[in-house]
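Enquirer: One structure follows; several queries about it will come next.
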There are 2 protein chains.
Amino acid sequence: MTSNPIFLYKSDPVRGRLWAEVFNRQAPHIDFRIWPDIGDAERVRYLAAWVPPPDLAHQFPNLELLFSSGAGVDQFDFSVLPPALPVVRMVEPGIVQGMVEYVTHAVLDLHRDMPRYRRQQREQCWQPLQVRTAAERRVGVLGLGSLGTAVLQQLRSLGFDCAGWSRTPHEIEGVPCHAGPEGLPAFLARTEILICLLPLTEATQGLLNAALFAQLPQGASLVQVGRGPQLVEADLLAALASGQLAEACLDVTDPEPLPAGHPLYTHPRVRLTPHISWAAGEVQAATADKFIAQLTRYLQGEPLADLVDAQRGY
Amino acid sequence: MTSNPIFLYKSDPVRGRLWAEVFNRQAPHIDFRIWPDIGDAERVRYLAAWVPPPDLAHQFPNLELLFSSGAGVDQFDFSVLPPALPVVRMVEPGIVQGMVEYVTHAVLDLHRDMPRYRRQQREQCWQPLQVRTAAERRVGVLGLGSLGTAVLQQLRSLGFDCAGWSRTPHEIEGVPCHAGPEGLPAFLARTEILICLLPLTEATQGLLNAALFAQLPQGASLVQVGRGPQLVEADLLAALASGQLAEACLDVTDPEPLPAGHPLYTHPRVRLTPHISWAAGEVQAATADKFIAQLTRYLQGEPLADLVDAQRGY
């Protein structure tokens, strides 16, 4: 056992123990260890971390692969990572399923006027509101990675009029896809329910601002499931006050957790959840399966899936 | 024109004018009239009504068909309708779509703990809650007509562990279906989110009572989209107070509209909507299409779809 490679796990320890069972069963040749039980540092070949240790290259000289244990990688400081170290994102079915559930709920909540019905209930008012069909409701997704694509497929199956936008051109069956800065105005002009699923990069920081909101139809709504720093909070509050935006559903904020007393908690047209959109229960075992499959591909010299581009940052 | 049969429409006049356009275009041989403009009563062969006039047989001696202009027919008093008069329910895609949207939203709302997150937001508390996968969430539908079947298909596509119950045996692909009084206990024992889509009959009046709630797992939730008198309100409040039920989402009540000051408006674990689950926007034109298709079948001597059984009451 002493010469076996170490897979070091540095994230939620409850999940770590579930992973350990799967590794022991499916990959007994790998010495699976949970931080801070690092074992022989020279044998650490694989690291799965939410936040990697700062002195990565020195502490683990033989590290071959870094896995992100979350959906995003914006918590990684690529400037201090060894440039040749491959970074692999966790894009696993559980997270996709969790996000599809969350966004489907948020879109139906807005489509069927549930925020207003909840306010009417508080006012003890029984008043049906005018309804539109899903086919008449224009929903748009910013970000067409595996999450955005899965969300659009589910929304299409419910009959919504969908479109997508991403930095580089994508194709999704049955969904008009816009791309690049030049494609953004047309995408925004037709989008009544805007879903942000973009990664956090320099280009997306502060993207959800007054200039963007002004390009949406008046009375549009926002579902923010990207990252907190993408949203300019003052611009959101102004757009809600002017009626340019009708409702906002925010699963991410800046900072997180949002401190008690923060005005977003009490805004009547803001619905807040504590960064739970991605969560999908006991998916951890399935994640471990996927990491073992990636390791197997790596050891057989096959290309890795879900590699991160350190230049782009996602 | 004077000898043409009259189709008399007695329901929402806005919808009536939409229907008139469709009839004039597609069935110009039929004299479409909107109540109270009944024309020559002897020429009235077809009546579409939410509540038919009380003296139906005398007022329209040549009436051949009665259509319900709503999804249910419990507003009809079958004891005063001519026994041989066929009664046809409106089961149209728009209503099915509206109900699928509403129930999908309600199930995701409960599955993802949104009622608790809304309470946490009011308490200015940022606290992620434990999550389960859809595959671990046992959802059950009471009533397996066209609405229940469509709802189950959508919930299955989201990965929920689904089951159904109905008075008589049904088969739905991939969904275990229970039937009859003897099938009810096993169905209830496994159901954490119970959806009631039953018609209102003598047998279903008061069905959602303490005895039924006691057979659900502790902490189950209710989505009531059937009819108000099926629910024993005092038993619901007691089940919520004891924790036997965690949450209730009610789209139908008794009476409707629910008067201001009614305790259901202010219960922290009751979400109320004003009988809007079935609504799906401008589906009225599609409904008229369907009625014309039914009339065409009738005139050609073919069997009618969606005939109501006056004995069963649905």
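In the structure tokens, chains take the letters A, B, ... in the order shown, each chain's residues start at 1, and ligands count up from 1 in the order shown.
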May I ask you to extract the residues of chain B within 6 Å of chain A, using only C-alpha atoms, and to give them as a list in words?

Expert: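 Matching residues, ligands excluded from the count: His105, Leu108, Gln121, Gln124, Trp126, Pro128, Val131, Arg132, Thr133, Pro257, Ala260, Tyr265, Pro274, Ala280 and Gly281 of chain B.
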
Enquirer: Assign secondary structure with DSSP using the backbone only, and return the residues of range 146-227 of chain B in helix (DSSP H, G or I) as a PyMOL selection string.

Expert: chain B and resi 146-157+180-189+210-213

Enquirer: Tell me, as a short mmCIF file (atom, residue, chain, number, x, y, z; two decimals) with C-alpha atoms, in the first residue's frame, which residues lie within 12 Å of Gln215 in chain A, counting only C-alpha atoms; anything in the same chain fewer than 5 positions away does not count.

Expert:
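Result written to selection.cif:
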data_model
loop_
_atom_site.label_atom_id
_atom_site.label_comp_id
_atom_site.auth_asym_id
_atom_site.auth_seq_id
_atom_site.Cartn_x
_atom_site.Cartn_y
_atom_site.Cartn_z
CA LEU A 184 -26.37 40.33 -26.42
CA PRO A 185 -28.77 43.20 -27.31
CA ALA A 186 -31.12 41.03 -29.41
CA PHE A 187 -31.10 38.34 -26.73
CA LEU A 188 -31.93 40.81 -23.96
CA ALA A 189 -34.61 42.65 -25.97
CA ARG A 190 -36.71 39.45 -26.24
CA THR A 191 -36.14 38.07 -22.73
CA GLU A 192 -38.84 38.50 -20.07
CA LEU A 194 -33.57 36.30 -17.48
CA LEU A 208 -25.93 42.46 -14.30
CA ASN A 209 -26.08 46.25 -14.11
CA ALA A 210 -28.33 49.17 -15.09
CA ALA A 220 -38.84 41.66 -16.89
CA ALA A 239 -34.51 48.79 -11.60
CA GLN A 244 -37.96 48.14 -15.22
CA LEU A 245 -37.61 44.87 -13.29
#

Enquirer: Which neighbours of Gln230 in chain B fall inside 10 Å, counting only C-alpha atoms, when residues of the same chain fewer than 2 positions from it are skipped, and could you give them as a PyMOL selection string?

Expert: chain B and resi 196+198-209+224+226-228+232-233+252-254

Enquirer: Can you write out the residues you just picked, keeping N, CA and C atoms, as a compact mmCIF listing (two decimals), in the first residue's frame?

Expert:
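Saved result, result31.txt, follows:
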# COMPACT_ATOMS: atom_id res chain seq x y z
N CYS B 196 -54.04 16.16 -4.61
CA CYS B 196 -55.43 15.73 -4.82
C CYS B 196 -55.96 16.35 -6.10
N LEU B 198 -58.82 14.81 -7.51
CA LEU B 198 -60.06 14.05 -7.65
C LEU B 198 -61.22 14.98 -8.02
N PRO B 199 -62.23 14.42 -8.73
CA PRO B 199 -63.45 15.18 -8.96
C PRO B 199 -64.26 15.24 -7.66
N LEU B 200 -65.17 16.21 -7.57
CA LEU B 200 -66.03 16.28 -6.38
C LEU B 200 -67.25 15.38 -6.59
N THR B 201 -67.35 14.37 -5.74
CA THR B 201 -68.51 13.48 -5.77
C THR B 201 -68.90 13.22 -4.31
N GLU B 202 -69.98 12.49 -4.14
CA GLU B 202 -70.36 12.14 -2.75
C GLU B 202 -69.24 11.39 -2.06
N ALA B 203 -68.53 10.56 -2.84
CA ALA B 203 -67.47 9.73 -2.24
C ALA B 203 -66.23 10.52 -1.89
N THR B 204 -66.00 11.65 -2.57
CA THR B 204 -64.76 12.39 -2.29
C THR B 204 -64.99 13.60 -1.38
N GLN B 205 -66.26 13.93 -1.13
CA GLN B 205 -66.55 15.03 -0.20
C GLN B 205 -66.01 14.66 1.18
N GLY B 206 -65.16 15.53 1.73
CA GLY B 206 -64.61 15.28 3.07
C GLY B 206 -63.56 14.18 3.11
N LEU B 207 -63.07 13.75 1.94
CA LEU B 207 -62.08 12.65 1.91
C LEU B 207 -60.76 13.05 2.56
N LEU B 208 -60.37 14.31 2.41
CA LEU B 208 -59.09 14.78 2.97
C LEU B 208 -59.35 15.17 4.43
N ASN B 209 -59.35 14.14 5.29
CA ASN B 209 -59.71 14.35 6.68
C ASN B 209 -58.65 13.75 7.60
N GLN B 224 -53.60 20.64 -2.74
CA GLN B 224 -55.02 20.42 -3.01
C GLN B 224 -55.46 21.24 -4.21
N GLY B 226 -58.07 19.79 -6.16
CA GLY B 226 -59.34 19.17 -6.53
C GLY B 226 -60.47 20.18 -6.39
N ARG B 227 -61.31 19.96 -5.36
CA ARG B 227 -62.41 20.88 -5.09
C ARG B 227 -62.46 21.15 -3.59
N GLY B 228 -62.85 22.36 -3.23
CA GLY B 228 -62.84 22.80 -1.84
C GLY B 228 -63.51 21.83 -0.85
N VAL B 232 -61.47 18.67 4.85
CA VAL B 232 -62.05 19.03 6.15
C VAL B 232 -61.06 19.99 6.82
N GLU B 233 -61.45 21.26 6.80
CA GLU B 233 -60.51 22.31 7.18
C GLU B 233 -60.01 22.16 8.61
N VAL B 252 -57.89 25.41 -3.97
CA VAL B 252 -59.35 25.40 -3.89
C VAL B 252 -59.73 25.42 -2.42
N THR B 253 -60.82 26.09 -2.10
CA THR B 253 -61.27 26.23 -0.72
C THR B 253 -62.79 26.13 -0.70
N ASP B 254 -63.35 26.15 0.49
CA ASP B 254 -64.80 26.14 0.66
C ASP B 254 -65.11 27.12 1.77

Enquirer: So which residues touch range 74-82 of chain B within 8 Å, counting only C-alpha atoms, skipping near sequence neighbours fewer than 3 positions away, as a VMD selection string?

Expert: chain B and resid 50 to 52 54 56 to 57 85 199 to 201 310 313 to 314

Enquirer: Export, as an mmCIF file, in the first residue's frame, the selected residues with C-alpha atoms.

Expert:
data_model
loop_
_atom_site.group_PDB
_atom_site.id
_atom_site.type_symbol
_atom_site.label_atom_id
_atom_site.label_comp_id
_atom_site.auth_asym_id
_atom_site.auth_seq_id
_atom_site.Cartn_x
_atom_site.Cartn_y
_atom_site.Cartn_z
ATOM 1 C CA TRP B 50 -70.644 26.635 -16.511
ATOM 2 C CA VAL B 51 -74.023 26.649 -14.702
ATOM 3 C CA PRO B 52 -76.918 25.575 -16.951
ATOM 4 C CA PRO B 54 -82.554 25.434 -14.093
ATOM 5 C CA LEU B 56 -83.274 23.224 -19.179
ATOM 6 C CA ALA B 57 -85.647 20.585 -20.549
ATOM 7 C CA LEU B 85 -78.891 14.271 -22.333
ATOM 8 C CA PRO B 199 -63.451 15.183 -8.960
ATOM 9 C CA LEU B 200 -66.034 16.279 -6.381
ATOM 10 C CA THR B 201 -68.510 13.478 -5.770
ATOM 11 C CA ALA B 310 -74.137 10.978 -14.486
ATOM 12 C CA GLY B 313 -70.805 12.356 -11.329
ATOM 13 C CA TYR B 314 -67.598 12.767 -13.350
#

Enquirer: Kindly give the distance, in Å, that separates CA of Pro28 in chain A and CA of Pro5 in chain A, rounded to a single decimal.

Expert: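 About the pair CA of Pro28 in chain A and CA of Pro5 in chain A: they are 10.6 Å apart.
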
Enquirer: Between A:Ser68, A:Ile6, A:Pro176, A:Arg15, which one has atoms that come closest to Glu42 in chain A, using only C-alpha atoms?

Expert: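 Of A:Ser68, A:Ile6, A:Pro176, A:Arg15, the one nearest Glu42 in chain A is A:Ile6, counting only C-alpha atoms.
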
Enquirer: Give the strand (DSSP E or B) residues of range 62-299 of chain A, as DSSP finds them on the backbone, and put them as a PyMOL selection string.

Expert: chain A and resi 65-68+87-88+138-142+161-166+172+175+177-179+193-196+208+220-224+231+245-250+270-272

Enquirer: Have a look at CA of Glu21 in chain B and CA of Gln300 in chain B and let me know their distance in Å, one decimal.

Expert: 23.2 Å

Enquirer: In Å, how far is it from CA of His178 in chain B to CA of Leu197 in chain B?

Expert: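 Interatomic distance, CA of His178 in chain B to CA of Leu197 in chain B: 14.7 Å.
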